[in-house]
Each structure stands twice: as C-alpha cells, then as structure tokens.
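Engineer: Here it is: the structure, laid out below.
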Amino acid sequence: MHIQNGKAKGFISLIPVMVLVALLALNINIFGSDAILGASQVALLVAAGICIWLSMWLFKTPWKAFEEAIKSNVGDVTTAIVILLLIGAISGTWTNSGIVPTFICYGIKIISPKFFLLTACLLCALVSVMIGSSWTTIATVGVALIGIGKAEGFSDGLIAGAIISGAYFGDKISPLSDTTVMASSVCGVPLFDHIKNLMRSTVPSMIVALVAFTVLGFTHGSGDAADIDTYTGVLQAKFNITPWLLIVPLVTGIMIAKRLPAIMVLALSTLLAAAFAVIFQGDILAEIGGKVTAGSPGKVIFTGLIESVYNSVGVSTGSAEVDSLVASRGMTGMLNTVYLIICAMCFGGCMRAGGMIKALTASLVKYLHRKWSAVAATVTTGTALNGIVSDQYLSILLTSNIYKDVYDSNGFDPKMLSRSIEDSATVTSPLFPWSSCGMTQATILGVPTLAYLPFCFFNYLSPLMSIVVSIITLKKKR
C-alpha cells in the first residue's frame, strides 16, 4: 500500500503525534515530575517506532532515510549535550565553593521582596541580552535567584517563571544569540533589521509580563523575617561567605563579554570555582569526600571536589530547607535530560524523514493569503513543532522551510516571517516538558516544567502578540 492522497497522508501523520501526546499525558499522570527518569523517553521512542512503521508501510520511506535523519539530528545536539554536562559541573562547583550561598545571603539583604520577581526578570533579561544565551543565564544567575526567592517565601514555579521570562527575552533579541542569528539568516533578513522588527511584539509582551510580576510581588505575603534570618544564619555558619567569591562570576562575565565560546566559558568557570572551593570551603569538600573515602585530608578534599563536579551531592546544614538550596546535581544530574534530548531527536528525525511534518502543514499552507493568517499559521506551527520535534533549532529551520515560499509568493515581508518564527519557535521551547529546553530548564532550576509554565508570561504572550501586531499593522495600512 502506498498513500499519495494529501489529506490521507496528513491524517496518518497525526497518529505518531497523538500517540506521543497520549503517552506523555499518561506518564505525567502516573509518574509526575519523575517522568523524565525514563517514562517520557520511552514514549518518544514508541512514537518514533510508530512513525517509522507507518512511513515504511504506507509512504514507502526507506529505512536508510530514518538512519540518516536520526544521525543528523543527534549530531546537531552534541554541542548542547556537552554544554549540559558542563552546566551540571558549574552547578556543583558554584554551590560547594560558596558562590551560590553568597549570592543568596547578599541578595536577601539587597532585593526587596515586593520587587523580587520584577528584579529577577529584569536581571535575567539584562544578562541574557549581553551574553545571548538563556541556558547560561538560567544556569548561573537563575540558580542564585531561585535560592533568594525561596528564602523570600515565593513558590518555585513563580520564581522560575520570572527567570525564564527574562532569560528568553534576552535570548530572543540579543545579536549574540544563536537562535536570533539563525532565524534572521534562514529567512534572508539582515540581523539588526530582524531585531528592530522583533521589538514590535517583544517589547509589549515584556511590558505585560513585568506588570504581572510587579502585581504578584506586591500581593505576595513577605517571608517571615525570622525565617529569612534563619536562612542567612545557617548559610553563614556552614559556608565561608565572602565577597572574594564574587570574583568567579565577575571573571565569567568578562569571558562572556569577550564572546568566548560557551563551552570554554563554562569549563574555565568550573575550574576557577573548583579552585575557590579548595581555598574557601575546605570543610565542605572534606564533608562530601568523607562520605566516599578515608585517608589523608588532601585525598578527602580532592574526592569531595571531584564529587562536586560530577555527582549529585549535598551537605548537612541542620535545616531541611537550606539543605535543598545547597544540594547540587553535578554532571550526573544532567544525564536524564541528555537521555531525553537524544530520544526527542530520534522522534523528530523520524517525523522529518517520513515526510510527516510536511504532510501535517501542507493542507494548511494553501489557505494563507492574508498577512494575519500567515502569521497565525507560522506561530502555531513554530509552537507545535517545539512539541513535535522537541528542539527549538529544528523548529526554526522547519518553520522557515515550510513558509518561506508562501511568504514570497504572496509578497509578504520576510521580516514578518523571521519575527513570527522568533515569537514562537524560540520562546515557547521551554513550555513543553519533553522538549530539550523544557527539561533542561526544569533540571537546572529543580522546578518541574508544569509548575513554572503558568508563570512564563513572556513566553506565551509572544506568539499571541505576534498575531495582534500583524492585525494592527494591517489595519493601519488600510
């Protein structure tokens, strides 16, 4: 049997997606946030298997095409995987060297609880604009802000929502961002023209998000002063809190400003933090290493240092809440996310090789003769592809490939296409629990995707604002 009818092929192409959504929903219902430990990966592989079976049987797609697509997709994320492992390492060394505890202690004293969410969002936006990376921003500034917010009494999801909103604002408009460069280049739009056009939808979305975080901050009951003093007191008793530790994030910021590669920055920052851990937190490393080995003090401290880099470790502070703040995952803590990304890339590669992604959008494309409908379809596709192929880079490329000819044939400005892609494929990526960005941010911040999703105001306002702006612009021209 060989299916050639477009409508039939589109319906068949929905089957793997429907199976995936159903399995993921069932897994989340049964396993909750532990679905990342294997259940979600199984769901992705099962859906990929169904895609392969249907494509080989009904579309006559050769097996070799799937092999090549999987190899290509997994190969494309190897750099991201190395970055993930280094983020795990930096999480461990920054925590056990006392950098994160120092941020928490100083941040509690400086940031007013009423303005904490606003400050967190703006700070992450500023850092992300400067470095062009939401992942690096969240892994450094974001981790420290999580600790401060918890001490102030905010919920994990609300803090993470503010952090992610700010980080993805910067990722979206920074000329240093790889997604921004990619979206402009694949659509044939000069980079700074693309960024200028992005402001039409990005700035209003951010303003609404900042207003929401300000209101939530003022309506939030401040954390009990005694509890906050307990946090800082316990941290100061356990760690050597000193301004000297801020040298590490300062040097890291300088390396980022000099545009060194992300892998180099994270690796050097990890090494510097490890050195500071030996200098300032010898007792912490001895406590961690003493759980694994015995011997000379040097051997025990070295063991604690290596454990901090690669393993999930914690120290006992006498407070369960503070223990959770200073627990670190290390490289090992990122492995489930790496496992998930590989499985997601397999599913996305199979959907692409089988022609199913193209089939899903083919029937939609022919009806797009008005600007607002083209924008609406673009942002819908970019968002949906994040859920289907589980990777924002693939979503950007595929959305551009699907709609570039449509925009050209209808005489639509390519800047409108590049903006619509950024408004959807870039910023909605962390909203899907099984996507590479969703699971990465959930793992780094220690907050389940479904917990922070309702508070990522900027991320789900952007696609809606893109449509609104296209309608307003159309009416003005009339």
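Letters for chains follow the order of the structure tokens (A, B, ...), residue numbers begin at 1 for each chain, and ligand numbers begin at 1 in the order shown.
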According to DSSP computed on the backbone, where in stretch 277-394 of chain A is there alpha helix (DSSP H)? Give the residues as a PyMOL selection string.

Structural biologist: chain A and resi 277-280+282-290+297-310+320-325+335-353+356-365+371-388+392-394

Engineer: Do you have, as a Markdown table, the list of residues of stretch 60-177 of chain A lying at most 12 Å from stretch 285-289 of chain A, each with its nearest atom pair and that distance in Å to one decimal, counting only C-alpha atoms and ordered by chain then number?

Structural biologist:
```
| residue | atom | partner | partner_atom | distance |
| --- | --- | --- | --- | --- |
| A:Gly92 | CA | A:Leu285 | CA | 11.2 |
| A:Thr93 | CA | A:Leu285 | CA | 10.2 |
| A:Thr95 | CA | A:Leu285 | CA | 11.1 |
| A:Asn96 | CA | A:Leu285 | CA | 7.4 |
| A:Ser97 | CA | A:Leu285 | CA | 8.6 |
| A:Gly98 | CA | A:Leu285 | CA | 10.9 |
```

Engineer: Which neighbours of A:Leu117 fall inside 8 Å, counting only C-alpha atoms, when residues of the same chain fewer than 4 positions from it are skipped, and could you give them as a ChimeraX atom specification?

Structural biologist: /A:113,121,159,162,213-214,216-217

Engineer: Could you list, as a list in words, every residue within 8 Å of A:Asn73, counting only C-alpha atoms and ignoring same-chain residues fewer than 6 positions away?

Structural biologist: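 Residues near the query, excluding close chain neighbours: Met345, Cys346, Gly348 and Gly349 of chain A.
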
Engineer: Which residue is closest to A:Phe218? Choose from A:Leu118, A:Leu23, A:Leu123, A:Cys350 and count only C-alpha atoms.

Structural biologist: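 Ranking A:Leu118, A:Leu23, A:Leu123, A:Cys350 by distance to A:Phe218, first place goes to A:Leu118.
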
Engineer: Mind running stretch 105-204 of chain A against stretch 440-449 of chain A at 9 Å and telling me each contacting residue's nearest atom pair with the distance in Å (one decimal), counting only C-alpha atoms, chain and number ascending, as CSV?

Structural biologist:
```
residue,atom,partner,partner_atom,distance
A:Trp135,CA,A:Gln441,CA,7.4
A:Ile138,CA,A:Gln441,CA,7.3
A:Ala139,CA,A:Ile444,CA,6.1
A:Gly142,CA,A:Leu445,CA,7.3
A:Val143,CA,A:Leu445,CA,6.0
A:Ile146,CA,A:Leu445,CA,7.1
A:Asp156,CA,A:Val447,CA,6.3
A:Gly157,CA,A:Val447,CA,6.5
A:Ala160,CA,A:Leu445,CA,7.1
A:Ile164,CA,A:Gln441,CA,8.1
```

Engineer: Print the selection's residues with N, CA, C and O atoms to a file, as a CSV table (one decimal), in the first residue's frame.

Structural biologist:
```
chain,number,residue,atom,x,y,z
A,135,TRP,N,20.2,29.6,28.4
A,135,TRP,CA,20.7,28.5,29.1
A,135,TRP,C,21.8,28.9,30.1
A,135,TRP,O,21.7,28.6,31.3
A,138,ILE,N,20.3,31.2,32.9
A,138,ILE,CA,19.5,30.4,33.9
A,138,ILE,C,20.4,29.5,34.8
A,138,ILE,O,20.1,29.4,36.0
A,139,ALA,N,21.4,29.0,34.2
A,139,ALA,CA,22.3,28.1,34.9
A,139,ALA,C,23.2,28.9,36.0
A,139,ALA,O,23.7,28.3,36.9
A,142,GLY,N,20.1,32.5,37.3
A,142,GLY,CA,18.9,31.9,37.7
A,142,GLY,C,18.9,31.0,38.9
A,142,GLY,O,18.1,31.0,39.7
A,143,VAL,N,20.0,30.2,39.0
A,143,VAL,CA,20.2,29.3,40.1
A,143,VAL,C,20.3,30.1,41.4
A,143,VAL,O,19.7,29.7,42.4
A,146,ILE,N,16.8,31.5,42.4
A,146,ILE,CA,15.9,30.5,42.9
A,146,ILE,C,16.1,30.4,44.4
A,146,ILE,O,15.1,30.4,45.2
A,156,ASP,N,8.3,28.0,44.0
A,156,ASP,CA,9.3,27.6,43.0
A,156,ASP,C,8.8,28.0,41.5
A,156,ASP,O,9.6,28.5,40.7
A,157,GLY,N,7.6,27.7,41.2
A,157,GLY,CA,7.1,27.9,39.9
A,157,GLY,C,7.1,29.4,39.5
A,157,GLY,O,7.4,29.8,38.4
A,160,ALA,N,10.7,30.6,39.0
A,160,ALA,CA,11.2,30.1,37.7
A,160,ALA,C,10.6,30.8,36.5
A,160,ALA,O,11.2,31.0,35.5
A,164,ILE,N,12.8,32.5,33.7
A,164,ILE,CA,12.7,32.1,32.3
A,164,ILE,C,12.2,33.2,31.4
A,164,ILE,O,12.6,33.3,30.2
```

Engineer: Could you name the residues that touch stretch 88-90 of chain A at 6 Å or less, counting only C-alpha atoms, but leaving out those on the same chain fewer than 3 positions away, as a list in words?

Structural biologist: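 So the residues in contact are Leu85, Thr93, Trp94, Thr270, Val309, Gly330 and Met331 of chain A.
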
Engineer: Go ahead and dump the residues you just picked, N, CA, C and O atoms, as an mmCIF file, in the first residue's frame.

Structural biologist:
```
data_model
loop_
_atom_site.group_PDB
_atom_site.id
_atom_site.type_symbol
_atom_site.label_atom_id
_atom_site.label_comp_id
_atom_site.auth_asym_id
_atom_site.auth_seq_id
_atom_site.Cartn_x
_atom_site.Cartn_y
_atom_site.Cartn_z
ATOM 1 N N LEU A 85 26.316 19.044 30.266
ATOM 2 C CA LEU A 85 27.190 18.405 31.247
ATOM 3 C C LEU A 85 28.025 19.444 32.000
ATOM 4 O O LEU A 85 28.223 19.338 33.216
ATOM 5 N N THR A 93 30.074 23.065 41.392
ATOM 6 C CA THR A 93 31.226 23.832 41.889
ATOM 7 C C THR A 93 30.818 25.215 42.401
ATOM 8 O O THR A 93 31.371 25.705 43.381
ATOM 9 N N TRP A 94 29.861 25.847 41.748
ATOM 10 C CA TRP A 94 29.403 27.153 42.209
ATOM 11 C C TRP A 94 28.685 27.037 43.557
ATOM 12 O O TRP A 94 28.752 27.946 44.378
ATOM 13 N N THR A 270 34.091 26.608 35.712
ATOM 14 C CA THR A 270 34.056 25.433 36.598
ATOM 15 C C THR A 270 35.400 25.240 37.280
ATOM 16 O O THR A 270 35.472 25.003 38.496
ATOM 17 N N VAL A 309 31.906 18.035 41.103
ATOM 18 C CA VAL A 309 31.860 18.263 39.662
ATOM 19 C C VAL A 309 30.903 17.294 38.973
ATOM 20 O O VAL A 309 30.072 17.713 38.151
ATOM 21 N N GLY A 330 25.456 18.132 39.750
ATOM 22 C CA GLY A 330 26.654 17.764 39.016
ATOM 23 C C GLY A 330 26.329 17.231 37.635
ATOM 24 O O GLY A 330 25.196 17.316 37.151
ATOM 25 N N MET A 331 27.335 16.675 36.982
ATOM 26 C CA MET A 331 27.130 16.127 35.641
ATOM 27 C C MET A 331 26.119 14.982 35.644
ATOM 28 O O MET A 331 25.295 14.867 34.729
#
```

Engineer: From the set A:Ile83, A:Lys371, A:Ile388, A:Lys71, which residue has the shortest atom-to-atom contact distance to A:Tyr407, counting only C-alpha atoms?

Structural biologist: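 Looking at the shortest contact to A:Tyr407, the residue is A:Lys371.
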
Engineer: Compile a residue-level contact table for stretch 237-341 of chain A against stretch 45-53 of chain A at a cut-off of 12 Å, reporting for every qualifying residue the shortest atom pair and its distance in Å to one decimal, with only C-alpha atoms counted, rows ordered by chain and ascending number, as CSV.

Structural biologist:
```
residue,atom,partner,partner_atom,distance
A:Tyr339,CA,A:Leu45,CA,11.3
A:Leu340,CA,A:Leu45,CA,9.9
A:Ile341,CA,A:Leu45,CA,11.4
```

Engineer: Report the distance between atom CA of A:Pro463 and atom CA of A:Cys187 in Å, rounded to one decimal place.

Structural biologist: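 That distance, rounded to one decimal, is 17.9 Å.
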
Engineer: Between A:Ser133, A:Phe154, A:Ser91, A:Ala275, which is the closest to A:Ser312 once you count only C-alpha atoms?

Structural biologist: A:Ser91

Engineer: Which polymer residues have any atom within 10 Å of an atom of A:Gly304, counting only C-alpha atoms, with same-chain residues fewer than 3 positions away left out, as a VMD selection string?

Structural biologist: chain A and resid 96 277 to 278 282 to 293 298 to 301 307 to 309 311 313

Engineer: For A:His194, list every protein, DNA or RNA residue within 8 Å, evaluated using only C-alpha atoms, and leave out those in the same chain fewer than 3 positions away; present the list as an MDAnalysis selection string.

Structural biologist: chainID A and resid 184 189:191 197:198 415 418:419

Engineer: Take the residues that were just selected and, keeping N, CA, C and O atoms, output them as a PDB file, in the first residue's frame.

Structural biologist:
```pdb
ATOM      1  N   SER A 184      17.084  34.969  11.561  1.00  0.00           N
ATOM      2  CA  SER A 184      17.275  36.028  10.567  1.00  0.00           C
ATOM      3  C   SER A 184      17.942  35.488   9.303  1.00  0.00           C
ATOM      4  O   SER A 184      17.545  35.829   8.189  1.00  0.00           O
ATOM      5  N   VAL A 189      17.015  37.807   6.219  1.00  0.00           N
ATOM      6  CA  VAL A 189      16.796  39.150   6.768  1.00  0.00           C
ATOM      7  C   VAL A 189      18.064  39.605   7.486  1.00  0.00           C
ATOM      8  O   VAL A 189      18.609  38.854   8.301  1.00  0.00           O
ATOM      9  N   PRO A 190      18.564  40.825   7.218  1.00  0.00           N
ATOM     10  CA  PRO A 190      19.735  41.329   7.960  1.00  0.00           C
ATOM     11  C   PRO A 190      19.475  41.281   9.464  1.00  0.00           C
ATOM     12  O   PRO A 190      18.363  41.588   9.920  1.00  0.00           O
ATOM     13  N   LEU A 191      20.493  40.918  10.226  1.00  0.00           N
ATOM     14  CA  LEU A 191      20.330  40.654  11.650  1.00  0.00           C
ATOM     15  C   LEU A 191      19.690  41.820  12.404  1.00  0.00           C
ATOM     16  O   LEU A 191      18.715  41.636  13.142  1.00  0.00           O
ATOM     17  N   ASN A 197      12.690  44.803  14.035  1.00  0.00           N
ATOM     18  CA  ASN A 197      11.305  44.394  13.776  1.00  0.00           C
ATOM     19  C   ASN A 197      10.734  43.563  14.926  1.00  0.00           C
ATOM     20  O   ASN A 197       9.535  43.610  15.214  1.00  0.00           O
ATOM     21  N   LEU A 198      11.604  42.806  15.599  1.00  0.00           N
ATOM     22  CA  LEU A 198      11.170  41.990  16.733  1.00  0.00           C
ATOM     23  C   LEU A 198      10.606  42.851  17.865  1.00  0.00           C
ATOM     24  O   LEU A 198       9.742  42.397  18.628  1.00  0.00           O
ATOM     25  N   LYS A 415      10.750  39.929   6.847  1.00  0.00           N
ATOM     26  CA  LYS A 415      10.943  40.286   8.265  1.00  0.00           C
ATOM     27  C   LYS A 415       9.760  39.819   9.115  1.00  0.00           C
ATOM     28  O   LYS A 415       9.916  39.517  10.296  1.00  0.00           O
ATOM     29  N   SER A 418      10.502  36.090   9.816  1.00  0.00           N
ATOM     30  CA  SER A 418      11.552  35.874  10.825  1.00  0.00           C
ATOM     31  C   SER A 418      11.061  36.268  12.214  1.00  0.00           C
ATOM     32  O   SER A 418      11.376  35.608  13.207  1.00  0.00           O
ATOM     33  N   ARG A 419      10.250  37.349  12.303  1.00  0.00           N
ATOM     34  CA  ARG A 419       9.704  37.753  13.596  1.00  0.00           C
ATOM     35  C   ARG A 419       8.729  36.705  14.136  1.00  0.00           C
ATOM     36  O   ARG A 419       8.757  36.350  15.313  1.00  0.00           O
TER      37      ARG A 419
END
```

Engineer: Of the residues A:Lys358, A:Arg200, A:Lys172, A:Lys60, which is the one nearest to A:Ile421, using only C-alpha atoms?

Structural biologist: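 Using only C-alpha atoms, the shortest distance to A:Ile421 belongs to A:Lys172.
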
Engineer: Please report the interatomic distance between atom CA of A:Thr381 and atom CA of A:Ile396 in Å with one decimal.

Structural biologist: 9.8 Å
